[in-house]
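Trainee: Here it is, the structure, as structure tokens.
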Amino acid sequence: MTSKLLAALLRRSLLKPTTSSCYSTTFIHRRPLSTAAAIVEPLEEDANGITMKGVKISGRPLYLDVQATSPVDPRVLDAMLPYYVSRYGNPHSRTHLYGWESENAVESGRAQVAALINASPKEIIFTSGATESNNISIKGVMHFYKDKKRHVITTQTEHKCVLDSCRHLQQEGFDVTYLPVKPDGLIDLEKLRESIRPDTGLISVMMVNNEIGVIQPMEEIGKICKEFNVPLHTDAAQALGKIPIDVDKMNISLMSLSGHKIYGPKGIGALYVRRRPRIRVEPQMNGGGQERGLRSGTVPTPLVVGFGAACELAMREMEYDDKRIKALQERLLDGIREKIDGVVVNGSTERRYAGNLNLSFAYVEGESLLMGLKEVAVSSGSACTSASLEPSYVLRALGVEEDMAHTSIRYGIGRFTTEEEIDRAAELTVKQVEKLREMSPLYEMVKEGIDIKKVAHFGYGVVAGRIQLDQSGRSSSGHLSSRESNLCLIRLC
């Protein structure tokens, strides 16, 4: 279906029939199709490989970054295409067929999203994505109840948009408690209970962490919130379609969802808002009053149709996908650990989503490892913060030391990942780690039986492959013996 529609559109774009004075049909070629992206940043591809942003690789990398975004399932695209080319009406137009059929499609998509989380379609509000949903939830609830409720509880490992929304509230005079997490990434339920105050207006806890994949005990958290009559918000962008979600069992009041994390289109998300007991939210955007007045703006019918189709597919295939992804994760982890040591899994190994495997590699330098893995599309953390050279704040919240946090790699395994890709990723990772360790003086010391912690106790810092300067900006290697200097043991002043 998809290929037929695309082929027909392409033919109509390139060949325009015209009639000459002799009534014979001729074809005039139009200008070639182009995109703005191609003009801004051309991708050079030839027989020798691909070059982009100064990086040359033999071919397109293996894609193992599904937590950042997932490819659109072809079945989702099939459902969306008619609403781009023939059923393109505005769903809010109530006077003609085009509007009616678009409205029906939107309501059908709403029902499909609601079914996946055991909610009523009337409780689903469409947004542009989970970031907008998080902003509406946190700011909207606290602004509505601001006369009586001035306190928010969240965790230190939340997505950046949640943390920034909370900081925004702090600037407005609200109080925010940022709960620490245990070394496995899970929150301490007793600390949560102790943090609740009479003026606590919202508790926000991410269901599945985007960096380390740990699954928070939402049912237990929901019971605590119900006991104290505090609304519970959860960012479920990484959980939707991957683990079972029941808003009633979990006592969730608000939940943020995203389309492009479950093989749907980008630019569409949803906010679940409980009706009984009703939770009130102040709109963050003014306009035509669409989506029950909570989110003004024309609802994008093709995106909603795609989001709904992705949710329906996830509902049918969740169990199969989970078994398959767990097997691939074990294959990847075993393939790496069989050949190299010093590999640490960040976050809980029991309570985690299998498609997110966050590993730290001891005795290597993080940026060098990422650069060496250019044939595999992976990341060092959240796509929203991966441009920063600072170690992941999520890993630091777990108590991971800075050098290990710098070497973390997040492997994202999804519906379309193959065993061959997993084997190749493991092979390339092992090869690059071994290469970097050969150049690492720190790893040389460990192999010789030197206790690194004991060395650090005497005032030395260990730098794997880099020279660290003292406070005056001069290399401090002159403080060391020749052997220590050769091993890059740098005295900290």
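Residue numbering restarts at 1 for every chain of the structure tokens, chains are lettered A, B, ... in their displayed order, and ligands are numbered from 1 as they appear.
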Show me, as JSON lines, the residues of stretch 221-332 of chain A having an atom within 12 Å of stretch 99-120 of chain A, each with the closest atom pair and its distance in Å, using only C-alpha atoms.

Mentor:
```
{"residue": "A:Ala236", "atom": "CA", "partner": "A:Ile117", "partner_atom": "CA", "distance": 10.4}
{"residue": "A:Ala239", "atom": "CA", "partner": "A:Ile117", "partner_atom": "CA", "distance": 10.5}
{"residue": "A:Leu240", "atom": "CA", "partner": "A:Leu116", "partner_atom": "CA", "distance": 8.0}
{"residue": "A:Gly241", "atom": "CA", "partner": "A:Leu116", "partner_atom": "CA", "distance": 7.3}
{"residue": "A:Lys242", "atom": "CA", "partner": "A:Leu116", "partner_atom": "CA", "distance": 10.5}
{"residue": "A:Ile243", "atom": "CA", "partner": "A:Ile117", "partner_atom": "CA", "distance": 10.1}
{"residue": "A:Pro244", "atom": "CA", "partner": "A:Ile117", "partner_atom": "CA", "distance": 7.6}
{"residue": "A:Ile245", "atom": "CA", "partner": "A:Ile117", "partner_atom": "CA", "distance": 5.1}
{"residue": "A:Asp246", "atom": "CA", "partner": "A:Ile117", "partner_atom": "CA", "distance": 5.1}
{"residue": "A:Val247", "atom": "CA", "partner": "A:Ile117", "partner_atom": "CA", "distance": 6.2}
{"residue": "A:Asp248", "atom": "CA", "partner": "A:Asn118", "partner_atom": "CA", "distance": 7.5}
{"residue": "A:Lys249", "atom": "CA", "partner": "A:Asn118", "partner_atom": "CA", "distance": 9.5}
{"residue": "A:Met250", "atom": "CA", "partner": "A:Ile117", "partner_atom": "CA", "distance": 10.5}
{"residue": "A:Asn251", "atom": "CA", "partner": "A:Ala119", "partner_atom": "CA", "distance": 11.5}
{"residue": "A:Ile252", "atom": "CA", "partner": "A:Ala119", "partner_atom": "CA", "distance": 10.4}
{"residue": "A:Ser253", "atom": "CA", "partner": "A:Ala119", "partner_atom": "CA", "distance": 11.0}
{"residue": "A:Leu254", "atom": "CA", "partner": "A:Ala119", "partner_atom": "CA", "distance": 11.2}
{"residue": "A:Met255", "atom": "CA", "partner": "A:Ile117", "partner_atom": "CA", "distance": 9.8}
{"residue": "A:Ser256", "atom": "CA", "partner": "A:Ile117", "partner_atom": "CA", "distance": 11.4}
{"residue": "A:Leu257", "atom": "CA", "partner": "A:Val113", "partner_atom": "CA", "distance": 9.3}
{"residue": "A:Ser258", "atom": "CA", "partner": "A:Val113", "partner_atom": "CA", "distance": 10.5}
{"residue": "A:Gly259", "atom": "CA", "partner": "A:Val113", "partner_atom": "CA", "distance": 9.8}
{"residue": "A:Ile262", "atom": "CA", "partner": "A:Val113", "partner_atom": "CA", "distance": 11.5}
{"residue": "A:Gly264", "atom": "CA", "partner": "A:Val113", "partner_atom": "CA", "distance": 11.7}
{"residue": "A:Ile268", "atom": "CA", "partner": "A:Gly109", "partner_atom": "CA", "distance": 11.6}
{"residue": "A:Gly269", "atom": "CA", "partner": "A:Val113", "partner_atom": "CA", "distance": 10.0}
{"residue": "A:Ala270", "atom": "CA", "partner": "A:Val113", "partner_atom": "CA", "distance": 8.4}
{"residue": "A:Leu271", "atom": "CA", "partner": "A:Val113", "partner_atom": "CA", "distance": 10.3}
{"residue": "A:Tyr272", "atom": "CA", "partner": "A:Ala119", "partner_atom": "CA", "distance": 8.1}
{"residue": "A:Val273", "atom": "CA", "partner": "A:Ala119", "partner_atom": "CA", "distance": 9.4}
{"residue": "A:Arg274", "atom": "CA", "partner": "A:Ala119", "partner_atom": "CA", "distance": 8.4}
{"residue": "A:Arg275", "atom": "CA", "partner": "A:Ser120", "partner_atom": "CA", "distance": 8.9}
{"residue": "A:Arg276", "atom": "CA", "partner": "A:Ser120", "partner_atom": "CA", "distance": 10.6}
{"residue": "A:Glu291", "atom": "CA", "partner": "A:Arg110", "partner_atom": "CA", "distance": 11.0}
{"residue": "A:Thr298", "atom": "CA", "partner": "A:Glu103", "partner_atom": "CA", "distance": 11.2}
{"residue": "A:Val299", "atom": "CA", "partner": "A:Val106", "partner_atom": "CA", "distance": 8.0}
{"residue": "A:Pro300", "atom": "CA", "partner": "A:Val106", "partner_atom": "CA", "distance": 8.5}
{"residue": "A:Thr301", "atom": "CA", "partner": "A:Val106", "partner_atom": "CA", "distance": 5.9}
{"residue": "A:Pro302", "atom": "CA", "partner": "A:Val106", "partner_atom": "CA", "distance": 8.5}
{"residue": "A:Leu303", "atom": "CA", "partner": "A:Val106", "partner_atom": "CA", "distance": 9.1}
{"residue": "A:Val304", "atom": "CA", "partner": "A:Gly109", "partner_atom": "CA", "distance": 5.8}
{"residue": "A:Val305", "atom": "CA", "partner": "A:Gly109", "partner_atom": "CA", "distance": 5.3}
{"residue": "A:Gly306", "atom": "CA", "partner": "A:Gly109", "partner_atom": "CA", "distance": 7.8}
{"residue": "A:Phe307", "atom": "CA", "partner": "A:Gly109", "partner_atom": "CA", "distance": 6.9}
{"residue": "A:Gly308", "atom": "CA", "partner": "A:Gly109", "partner_atom": "CA", "distance": 4.1}
{"residue": "A:Ala309", "atom": "CA", "partner": "A:Gly109", "partner_atom": "CA", "distance": 7.1}
{"residue": "A:Ala310", "atom": "CA", "partner": "A:Val113", "partner_atom": "CA", "distance": 8.7}
{"residue": "A:Cys311", "atom": "CA", "partner": "A:Val113", "partner_atom": "CA", "distance": 5.7}
{"residue": "A:Glu312", "atom": "CA", "partner": "A:Gln112", "partner_atom": "CA", "distance": 5.9}
{"residue": "A:Leu313", "atom": "CA", "partner": "A:Gln112", "partner_atom": "CA", "distance": 9.6}
{"residue": "A:Ala314", "atom": "CA", "partner": "A:Leu116", "partner_atom": "CA", "distance": 8.0}
{"residue": "A:Met315", "atom": "CA", "partner": "A:Leu116", "partner_atom": "CA", "distance": 6.1}
{"residue": "A:Arg316", "atom": "CA", "partner": "A:Leu116", "partner_atom": "CA", "distance": 9.7}
{"residue": "A:Glu317", "atom": "CA", "partner": "A:Leu116", "partner_atom": "CA", "distance": 11.6}
{"residue": "A:Met318", "atom": "CA", "partner": "A:Leu116", "partner_atom": "CA", "distance": 10.4}
```

Trainee: Mind dumping a table of every stretch 131-157 of chain A residue within 9 Å of stretch 205-221 of chain A, with the nearest atom pair and its distance in Å to one decimal, using only C-alpha atoms, sorted by chain and rising number, as a Markdown table?

Mentor:
```
| residue | atom | partner | partner_atom | distance |
| --- | --- | --- | --- | --- |
| A:Ile153 | CA | A:Val205 | CA | 8.4 |
| A:Thr154 | CA | A:Val205 | CA | 5.8 |
| A:Thr155 | CA | A:Val205 | CA | 6.4 |
| A:Thr157 | CA | A:Asn209 | CA | 7.6 |
```

Trainee: Would you mind listing what lies within 10 Å of A:Met285 as a PyMOL selection string, with only C-alpha atoms counted and same-chain residues fewer than 6 positions away left out?

Mentor: chain A and resi 136+293-297

Trainee: Would you please work out which residue, of A:Gly185, A:Pro74, A:Pro441, A:Pro180, is nearest to A:Arg352 when using only C-alpha atoms?

Mentor: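 Among the listed residues, A:Gly185 lies closest to A:Arg352.
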
Trainee: Sorted by chain and rising residue number, list the residues of stretch 407-439 of chain A at most 6 Å from stretch 63-68 of chain A (counting only C-alpha atoms), each with its closest atom pair and distance in Å to one decimal, as JSON lines.

Mentor:
```
{"residue": "A:Tyr411", "atom": "CA", "partner": "A:Leu64", "partner_atom": "CA", "distance": 5.5}
{"residue": "A:Gly412", "atom": "CA", "partner": "A:Asp65", "partner_atom": "CA", "distance": 4.5}
{"residue": "A:Ile413", "atom": "CA", "partner": "A:Leu64", "partner_atom": "CA", "distance": 5.7}
```

Trainee: Only C-alpha atoms, please: the residues just picked out, written as a PDB file, in the first residue's frame.

Mentor:
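Here's the written file part-v1.pdb:
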```pdb
ATOM      1  CA  TYR A 411      22.458   0.616  23.717  1.00  0.00           C
ATOM      2  CA  GLY A 412      18.834   0.842  22.592  1.00  0.00           C
ATOM      3  CA  ILE A 413      17.311  -2.389  21.255  1.00  0.00           C
TER       4      ILE A 413
END
```
